[in-house]
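Undergrad: Next comes final-v4.txt, compact mmCIF, C-alpha atoms:
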```
# COMPACT_ATOMS: atom_id res chain seq x y z
CA MET A 1235 80.96 115.51 57.98
CA LYS A 1236 78.25 118.12 58.51
CA LYS A 1237 77.95 120.96 56.03
CA ILE A 1238 77.08 124.29 57.63
CA LEU A 1239 75.96 127.42 55.80
CA VAL A 1240 76.68 130.67 57.64
CA THR A 1241 75.15 133.91 56.40
CA GLY A 1242 77.15 136.95 57.43
CA GLY A 1243 80.17 134.67 57.53
CA SER A 1244 82.67 137.50 57.21
CA GLY A 1245 80.97 139.70 59.81
CA TYR A 1246 81.72 140.50 63.43
CA LYS A 1247 80.51 137.15 64.78
CA GLY A 1248 80.87 135.11 61.61
CA SER A 1249 84.60 135.74 61.23
CA VAL A 1250 85.13 134.35 64.76
CA LEU A 1251 82.60 131.53 64.45
CA ILE A 1252 83.71 130.04 61.12
CA PRO A 1253 87.34 129.33 62.14
CA ARG A 1254 85.93 127.52 65.19
CA LEU A 1255 83.63 125.43 62.98
CA LEU A 1256 86.48 124.58 60.62
CA LYS A 1257 88.66 123.55 63.55
CA LYS A 1258 85.92 121.11 64.58
CA GLY A 1259 86.04 119.51 61.14
CA PHE A 1260 82.85 120.90 59.59
CA GLN A 1261 82.49 121.89 55.95
CA VAL A 1262 81.42 125.53 55.86
CA ILE A 1263 79.82 127.79 53.27
CA SER A 1264 80.18 131.49 54.07
CA ILE A 1265 77.60 133.83 52.55
CA ASP A 1266 78.50 137.52 52.73
CA THR A 1267 78.42 140.70 50.65
CA ASN A 1268 81.86 141.56 52.05
CA TRP A 1269 80.71 145.14 52.62
CA PHE A 1270 83.09 145.09 55.59
CA GLY A 1271 85.82 143.15 53.80
CA ASP A 1272 86.84 139.53 53.48
CA ASN A 1273 87.76 138.64 57.04
CA LEU A 1274 88.18 134.88 56.56
CA ASN A 1275 91.37 133.03 55.74
CA ASP A 1276 91.16 130.46 52.96
CA HIS A 1277 90.66 126.85 54.05
CA SER A 1278 90.17 123.57 52.21
CA ASN A 1279 86.80 123.04 53.93
CA LEU A 1280 85.61 126.63 53.42
CA GLN A 1281 83.60 127.85 50.45
CA LYS A 1282 83.21 131.62 50.29
CA GLU A 1283 80.28 133.07 48.35
CA ILE A 1284 80.18 136.84 47.88
CA ILE A 1285 76.46 137.42 47.53
CA ASP A 1286 73.62 139.44 49.07
CA ILE A 1287 71.26 137.19 51.05
CA ARG A 1288 68.38 138.64 49.02
CA GLU A 1289 69.90 136.97 45.96
CA LEU A 1290 70.26 133.47 47.40
CA ASN A 1291 68.60 130.57 45.63
CA LEU A 1292 67.97 126.89 46.25
CA LYS A 1293 71.35 125.75 44.90
CA HIS A 1294 73.18 127.47 47.76
CA PHE A 1295 71.44 125.12 50.21
CA GLU A 1296 72.16 121.82 48.46
CA GLY A 1297 73.58 119.26 50.89
CA VAL A 1298 73.50 121.72 53.80
CA ASP A 1299 72.78 120.19 57.21
CA VAL A 1300 72.70 123.31 59.37
CA VAL A 1301 72.06 126.99 58.58
CA ILE A 1302 73.36 129.68 60.95
CA HIS A 1303 71.72 132.94 59.92
CA LEU A 1304 73.77 135.91 61.17
CA ALA A 1305 73.46 138.34 58.24
CA ASN A 1306 71.37 141.47 58.78
CA ILE A 1307 71.49 145.21 59.02
CA ALA A 1308 72.69 145.35 62.60
CA ASN A 1309 71.83 147.83 65.35
CA ASP A 1310 69.34 150.69 65.57
CA PRO A 1311 71.39 153.48 63.92
CA SER A 1312 72.16 151.35 60.86
CA VAL A 1313 68.53 150.31 60.40
CA GLU A 1314 67.31 153.89 60.75
CA LEU A 1315 69.38 154.89 57.69
CA ASP A 1316 66.81 153.11 55.53
CA PRO A 1317 64.13 151.14 57.40
CA LEU A 1318 62.58 149.78 54.18
CA LEU A 1319 65.87 148.23 53.03
CA SER A 1320 66.36 146.79 56.51
CA TRP A 1321 62.96 145.10 56.37
CA GLU A 1322 63.92 143.60 53.01
CA ILE A 1323 67.23 142.24 54.31
CA ASN A 1324 66.29 141.38 57.89
CA VAL A 1325 62.81 139.94 57.30
CA LEU A 1326 61.97 139.18 53.67
CA ALA A 1327 65.33 137.51 53.04
CA SER A 1328 64.85 135.51 56.24
CA GLN A 1329 61.61 134.07 54.88
CA LYS A 1330 63.42 132.98 51.71
CA ILE A 1331 66.19 131.38 53.76
CA ALA A 1332 63.62 129.45 55.80
CA GLU A 1333 61.84 128.24 52.66
CA PHE A 1334 65.05 127.19 50.91
CA SER A 1335 66.14 125.39 54.08
CA LYS A 1336 62.86 123.48 54.17
CA LYS A 1337 63.09 122.47 50.51
CA SER A 1338 66.68 121.31 51.01
CA ASN A 1339 65.85 119.23 54.10
CA VAL A 1340 68.11 121.24 56.37
CA SER A 1341 67.97 119.64 59.82
CA SER A 1342 68.55 122.75 61.96
CA LEU A 1343 68.35 126.51 61.47
CA ILE A 1344 69.94 128.77 64.05
CA TYR A 1345 68.81 132.39 63.86
CA ALA A 1346 70.76 135.21 65.45
CA SER A 1347 67.93 137.30 66.86
CA SER A 1348 68.54 139.91 69.56
CA GLY A 1349 67.89 140.41 73.25
CA SER A 1350 66.68 143.89 72.31
CA VAL A 1351 63.31 142.41 71.23
CA TYR A 1352 62.27 142.80 74.88
CA GLY A 1353 62.53 146.59 74.64
CA LEU A 1354 62.21 148.35 77.98
CA SER A 1355 61.73 146.24 81.09
CA ASP A 1356 62.17 146.82 84.79
CA LYS A 1357 61.85 143.11 85.56
CA GLU A 1358 64.64 141.62 87.64
CA LYS A 1359 64.77 138.68 85.23
CA VAL A 1360 63.70 138.91 81.60
CA THR A 1361 63.10 135.32 80.51
CA GLU A 1362 62.13 133.86 77.14
CA ASP A 1363 58.49 133.99 78.26
CA SER A 1364 58.59 137.74 78.86
CA GLU A 1365 56.50 139.99 76.65
CA LEU A 1366 58.24 141.36 73.56
CA VAL A 1367 57.96 145.14 73.36
CA PRO A 1368 60.26 146.22 70.52
CA ILE A 1369 60.74 149.97 70.49
CA SER A 1370 62.73 150.44 67.29
CA GLU A 1371 62.55 149.28 63.69
CA TYR A 1372 65.58 147.06 64.28
CA ASN A 1373 63.90 145.39 67.27
CA LYS A 1374 60.74 144.87 65.21
CA THR A 1375 62.58 143.24 62.30
CA LYS A 1376 64.12 140.78 64.74
CA MET A 1377 60.80 139.94 66.39
CA ILE A 1378 59.02 139.37 63.07
CA SER A 1379 61.87 137.25 61.74
CA GLU A 1380 61.63 135.05 64.83
CA ARG A 1381 57.96 134.45 64.06
CA VAL A 1382 58.78 133.62 60.45
CA PHE A 1383 61.38 131.04 61.43
CA LEU A 1384 59.29 129.50 64.20
CA SER A 1385 56.51 128.86 61.68
CA TYR A 1386 58.88 126.26 60.18
CA LYS A 1387 59.53 124.36 63.43
CA ASN A 1388 57.57 121.35 62.16
CA ASP A 1389 59.97 121.10 59.20
CA MET A 1390 63.31 121.42 61.00
CA ASN A 1391 64.81 122.38 64.34
CA ILE A 1392 64.50 126.15 64.77
CA TYR A 1393 66.62 127.95 67.34
CA CYS A 1394 66.08 131.69 67.75
CA VAL A 1395 69.01 132.83 69.86
CA ARG A 1396 68.54 136.19 71.57
CA PRO A 1397 72.08 137.39 72.28
CA ALA A 1398 72.97 140.14 74.67
CA THR A 1399 75.26 142.89 73.41
CA VAL A 1400 78.35 141.11 72.09
CA CYS A 1401 81.82 142.28 73.05
CA GLY A 1402 85.38 141.34 72.25
CA VAL A 1403 87.93 141.23 69.46
CA SER A 1404 87.10 140.05 65.94
CA PRO A 1405 88.79 140.25 62.52
CA ARG A 1406 85.75 142.33 61.49
CA MET A 1407 86.07 144.56 64.53
CA ARG A 1408 83.09 146.58 65.68
CA LEU A 1409 83.76 149.77 67.59
CA ASP A 1410 80.10 150.77 67.78
CA VAL A 1411 79.02 148.48 70.64
CA ALA A 1412 79.28 149.42 74.31
CA VAL A 1413 82.22 147.50 75.78
CA ASN A 1414 84.33 147.79 72.63
CA ILE A 1415 83.88 151.51 72.06
CA LEU A 1416 84.31 152.47 75.73
CA THR A 1417 87.57 150.52 75.90
CA TYR A 1418 88.82 151.87 72.58
CA SER A 1419 87.98 155.45 73.58
CA ALA A 1420 89.98 155.06 76.79
CA LEU A 1421 92.95 153.72 74.82
CA LYS A 1422 92.82 156.20 71.97
CA ASN A 1423 91.57 159.37 73.62
CA LYS A 1424 92.15 158.77 77.34
CA VAL A 1425 88.47 159.56 77.78
CA ILE A 1426 85.55 157.22 78.49
CA ARG A 1427 82.47 159.06 77.26
CA VAL A 1428 79.27 157.68 78.78
CA PHE A 1429 75.84 158.67 77.48
CA GLY A 1430 73.38 158.30 80.34
CA GLY A 1431 75.06 155.46 82.16
CA LYS A 1432 72.23 154.07 84.26
CA GLN A 1433 70.90 151.89 81.44
CA VAL A 1434 71.41 148.22 82.31
CA ARG A 1435 72.29 145.94 79.42
CA PRO A 1436 73.12 142.24 79.23
CA ASN A 1437 76.48 141.37 77.69
CA ILE A 1438 78.12 138.30 76.18
CA HIS A 1439 81.70 137.69 75.06
CA ILE A 1440 82.05 136.98 71.33
CA GLU A 1441 83.65 133.58 71.97
CA ASP A 1442 80.72 132.60 74.17
CA ILE A 1443 78.05 133.54 71.62
CA CYS A 1444 79.92 131.48 69.03
CA ALA A 1445 80.00 128.63 71.53
CA VAL A 1446 76.22 129.00 71.95
CA TYR A 1447 75.69 128.48 68.22
CA GLU A 1448 77.95 125.42 68.37
CA PHE A 1449 75.96 124.16 71.36
CA PHE A 1450 72.81 123.99 69.22
CA ILE A 1451 74.69 122.14 66.48
CA ASP A 1452 76.09 119.57 68.89
CA ASN A 1453 73.01 118.86 71.01
CA ASN A 1454 69.48 117.63 70.41
CA ILE A 1455 67.42 120.48 71.83
CA ASP A 1456 63.78 121.45 71.34
CA SER A 1457 63.00 124.27 68.93
CA GLY A 1458 62.33 127.66 70.49
CA CYS A 1459 63.80 130.97 71.61
CA TYR A 1460 66.81 131.07 73.90
CA ASN A 1461 68.40 133.99 75.74
CA ALA A 1462 72.18 134.27 75.64
CA GLY A 1463 73.46 136.95 77.97
CA PHE A 1464 75.38 136.35 81.15
CA GLU A 1465 76.36 139.74 82.61
CA ASN A 1466 73.73 142.39 83.32
CA ILE A 1467 75.61 145.59 84.08
CA SER A 1468 75.05 149.28 83.50
CA ILE A 1469 76.94 151.34 80.95
CA LEU A 1470 78.56 153.27 83.80
CA GLU A 1471 79.68 150.03 85.44
CA ILE A 1472 81.34 149.01 82.17
CA ALA A 1473 83.08 152.38 82.06
CA LYS A 1474 84.38 151.87 85.60
CA LEU A 1475 85.67 148.40 84.68
CA VAL A 1476 87.59 149.96 81.80
CA GLN A 1477 88.92 152.76 84.01
CA LYS A 1478 90.15 150.21 86.56
CA LYS A 1479 92.35 148.69 83.86
CA LEU A 1480 93.25 152.04 82.27
CA PRO A 1481 93.30 154.43 85.27
CA TYR A 1482 94.60 157.37 83.22
CA ALA A 1483 91.27 157.53 81.35
CA GLU A 1484 88.68 160.05 82.55
CA ILE A 1485 84.99 159.15 82.66
CA ILE A 1486 82.76 161.89 81.23
CA ILE A 1487 79.00 161.46 81.61
CA GLU A 1488 76.67 163.12 79.11
CA SER A 1489 72.90 163.06 78.68
CA SER A 1490 71.29 160.38 76.53
CA ASN A 1491 67.99 159.92 74.73
CA ASP A 1492 68.47 156.13 74.61
CA PRO A 1493 66.09 154.65 77.20
CA ARG A 1494 66.75 150.94 76.50
CA SER A 1495 67.35 149.12 79.77
CA TYR A 1496 66.69 145.49 80.64
CA ARG A 1497 68.16 142.49 82.42
CA GLN A 1498 68.36 139.23 80.54
CA CYS A 1499 67.96 135.87 82.27
CA SER A 1500 69.64 132.95 80.48
CA ASP A 1501 68.84 130.19 82.97
CA THR A 1502 67.18 128.09 80.25
CA ILE A 1503 70.33 127.49 78.24
CA LEU A 1504 72.43 127.19 81.39
CA LYS A 1505 70.16 124.41 82.67
CA LEU A 1506 70.61 122.62 79.33
CA GLY A 1507 74.33 122.44 80.07
CA PHE A 1508 75.87 125.46 78.36
CA LYS A 1509 78.73 127.01 80.31
CA PRO A 1510 80.06 130.48 79.42
CA LYS A 1511 83.83 130.74 79.67
CA LYS A 1512 84.54 134.44 79.20
CA SER A 1513 83.43 137.79 80.58
CA VAL A 1514 83.24 141.50 79.89
CA SER A 1515 86.48 141.85 81.83
CA ASN A 1516 88.14 139.34 79.48
CA ALA A 1517 86.88 141.28 76.47
CA ILE A 1518 88.34 144.53 77.83
CA ASP A 1519 91.70 142.85 78.46
CA GLU A 1520 91.75 141.39 74.94
CA ILE A 1521 90.91 144.72 73.30
CA ILE A 1522 93.67 146.43 75.29
CA SER A 1523 96.16 143.72 74.30
CA ALA A 1524 95.20 143.85 70.61
CA TYR A 1525 95.48 147.65 70.58
CA GLN A 1526 98.85 147.71 72.32
CA THR A 1527 100.27 145.10 69.90
CA ASN A 1528 98.85 146.87 66.81
CA LYS A 1529 96.50 143.95 66.09
CA LEU A 1530 93.22 145.82 66.60
CA TYR A 1531 91.51 146.98 63.42
CA ASP A 1532 90.15 150.48 64.03
CA GLY A 1533 89.63 151.78 60.50
CA GLU A 1534 86.43 153.14 58.99
CA LYS A 1535 84.90 149.68 58.59
CA ALA A 1536 84.88 149.23 62.36
CA ASN A 1537 81.86 151.56 62.38
CA SER A 1538 78.77 150.11 60.69
CA VAL A 1539 76.91 153.35 59.99
CA ARG A 1540 79.91 155.14 58.48
CA THR A 1541 80.70 152.12 56.29
CA LEU A 1542 77.16 151.77 55.01
CA LYS A 1543 76.99 155.47 54.21
CA ALA A 1544 80.34 155.35 52.40
CA LEU A 1545 79.21 152.35 50.35
CA GLN A 1546 76.03 154.24 49.41
CA VAL A 1547 74.08 151.11 50.19
CA TYR A 1548 71.08 153.29 51.02
```
Kindly return the structure encoded in the file as structure tokens.
TA:
Amino acid sequence: MKKILVTGGSGYKGSVLIPRLLKKGFQVISIDTNWFGDNLNDHSNLQKEIIDIRELNLKHFEGVDVVIHLANIANDPSVELDPLLSWEINVLASQKIAEFSKKSNVSSLIYASSGSVYGLSDKEKVTEDSELVPISEYNKTKMISERVFLSYKNDMNIYCVRPATVCGVSPRMRLDVAVNILTYSALKNKVIRVFGGKQVRPNIHIEDICAVYEFFIDNNIDSGCYNAGFENISILEIAKLVQKKLPYAEIIIESSNDPRSYRQCSDTILKLGFKPKKSVSNAIDEIISAYQTNKLYDGEKANSVRTLKALQVY
């Protein structure tokens, strides 16, 4: 039975991924500060460690076969609260994790990078070979961490996954990403507020990104960077999708100073045999259903910046 260590195990993706791993029969160690709560149910094959990734040591990696590194200060606004702290968590801690993994003979390390490392691009298809032009501190921490991990590719399999913007329902719900917040705003306020709207962004359903991580566990694939985004659509197009399902909601367009716009091409992983099963439309439906059945968490911890400020992490 493989033992898998997941950093950020109680986070937005981790709290969806870990139940999937447990269902497949893996032993799992979850590493998380629980700044956003404990979002994992107890399980006989689950060990929960409440610890900052900067405080990890070699003992946490004993007997571990695969590391899935999700933990970081996520998104541009959160990183901008304290860029220095974000470099410590997103980059320096990553180097420690890579070194501990090497010393413990971990076979594979899967790193949750970001499609935003490409920055601005007007290319029709942004592939893994495209130039990286990070335009924010968050983007830069992701790019540098990729380079750190790839320097260990002779010691273990290294997979730097560059996800598109993730959408969908999670126990640690995030209402500060495009599809989720536009849908929630339509439900709560009957308004879909769009800033700019022309920006094109790739998207991926939360179940599909978790399936991508599983894909690298289950298959013998060469080390490298892999895009994971299957729907390139503009913010305004997302808003119109939401409005189609919630026609009482009004779309209001406002100006934006966020220029990020790019189209992600994920042909590489598709050619390896990965098949996405869900869509932005599915995510919208699931958010609507969770909200209408009072199963959608929409408290303060659904917003990363507000939570971090309230915790006085910075």
Undergrad: Residues at most 7 Å from A:Gln1329, counting only C-alpha atoms, excluding those fewer than 4 positions away in the same chain, as a list of chain:residue names?
TA: A:Val1325, A:Glu1333, A:Val1382
Undergrad: Grab the atom CA of A:Gly1431 to atom CA of A:Ser1468 distance for me, in Å with one decimal place.
TA: 6.3 Å
Undergrad: To one decimal place in Å, what is the distance between atom CA of A:Ser1347 and atom CA of A:Ile1455?
TA: 17.5 Å
Undergrad: Using all atoms listed in the file, which of the listed residues (A:Arg1406, A:Lys1478, A:Lys1374, A:Lys1237) sits closest to A:Ile1302?
TA: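 Closest residue, counting all atoms listed in the file: A:Lys1237.
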Undergrad: Between atom CA of A:Phe1508 and atom CA of A:Arg1254, what is the distance, to one decimal in Å?
TA: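 Value for the atom CA of A:Phe1508-atom CA of A:Arg1254 distance: 16.7 Å.
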Undergrad: So which residues touch A:Asn1373 within 6 Å, counting only C-alpha atoms, skipping near sequence neighbours fewer than 5 positions away, as a VMD selection string?
TA: chain A and resid 1350 to 1351 1368
Undergrad: Looking at A:Arg1408, A:Lys1258, A:Lys1247, A:Lys1511, which one is nearest to A:Asp1532, with distances taken over only C-alpha atoms?
TA: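 The closest residue to A:Asp1532 is A:Arg1408.
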Undergrad: Pick the closest to A:Asp1272 from A:Thr1502, A:Asn1516, A:Ser1244, A:Asn1291: which is it, counting all atoms listed in the file?
TA: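 Using all atoms listed in the file, the shortest distance to A:Asp1272 belongs to A:Ser1244.
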Undergrad: Could you name the residues that touch A:Trp1321 at 10 Å or less, counting all atoms listed in the file, but leaving out those on the same chain fewer than 3 positions away, as a PyMOL selection string?
TA: chain A and resi 1306-1307+1313+1316-1318+1324-1328+1371-1372+1374-1376+1378-1379
Undergrad: Quick one: residues within 9 Å of A:Glu1358, all atoms listed in the file counted, chain neighbours fewer than 4 positions away excluded, as a PyMOL selection string?
TA: chain A and resi 1496-1499
Undergrad: Measuring atom to atom with all atoms listed in the file, identify which of A:Ile1518, A:Leu1470, A:Leu1504, A:Ala1544 is nearest to A:Val1413.
TA: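 Using all atoms listed in the file, A:Val1413 sits closest to A:Ile1518.
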Undergrad: List as a ChimeraX atom specification: which residues have an atom within 12 Å of (71.9, 133.6, 52.5), counting all atoms listed in the file?
TA: /A:1238-1243,1263-1267,1282-1295,1301-1306,1323-1324,1326-1335,1343,1345
Undergrad: Please tell me which residues are no farther than 8 Å from (82.2, 118.7, 57.5) in the file, counting only C-alpha atoms, and write them as a list in words.
TA: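 Protein and nucleic acid residues near the point are Met1235, Lys1236, Lys1237, Ile1238, Leu1256, Gly1259, Phe1260, Gln1261, Val1262 and Asn1279 of chain A.
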Undergrad: For the selection you just gave me, I'd like the residues written to a file as a tab-separated table (two decimals), keeping the file's coordinate frame, keeping C-alpha atoms.
TA:
```
chain	number	residue	atom	x	y	z
A	1235	MET	CA	80.96	115.51	57.98
A	1236	LYS	CA	78.25	118.12	58.51
A	1237	LYS	CA	77.95	120.96	56.03
A	1238	ILE	CA	77.08	124.29	57.63
A	1256	LEU	CA	86.48	124.58	60.62
A	1259	GLY	CA	86.04	119.51	61.14
A	1260	PHE	CA	82.85	120.90	59.59
A	1261	GLN	CA	82.49	121.89	55.95
A	1262	VAL	CA	81.42	125.53	55.86
A	1279	ASN	CA	86.80	123.04	53.93
```
Undergrad: Given the choices A:Asn1391, A:Ser1490, A:Ser1355, A:Asn1537, which gets closest to A:Val1300 if the distance is worked out from all atoms listed in the file?
TA: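 Using all atoms listed in the file, the shortest distance to A:Val1300 belongs to A:Asn1391.
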Undergrad: Counting all atoms listed in the file, which residue out of A:Glu1362, A:Cys1459, A:Asn1414, A:Tyr1525 sits closest to A:Ile1472?
TA: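 Of A:Glu1362, A:Cys1459, A:Asn1414, A:Tyr1525, the one nearest A:Ile1472 is A:Asn1414, counting all atoms listed in the file.
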Undergrad: Which centre and which edge lengths, in Å to one decimal, describe the axis-aligned box that holds all listed atoms of stretch 1311-1322 of chain A after 6 Å is added on each side, as lines of an AutoDock Vina configuration file?
TA:
```
center_x = 67.4
center_y = 149.2
center_z = 58.5
size_x = 21.6
size_y = 23.3
size_z = 22.9
```
Undergrad: Need to verify the contact set: A:Met1390, 7 Å, only C-alpha atoms, exclusion of same-chain residues closer than 6 positions in sequence. Can you return it as a PyMOL selection string?
TA: chain A and resi 1340-1342
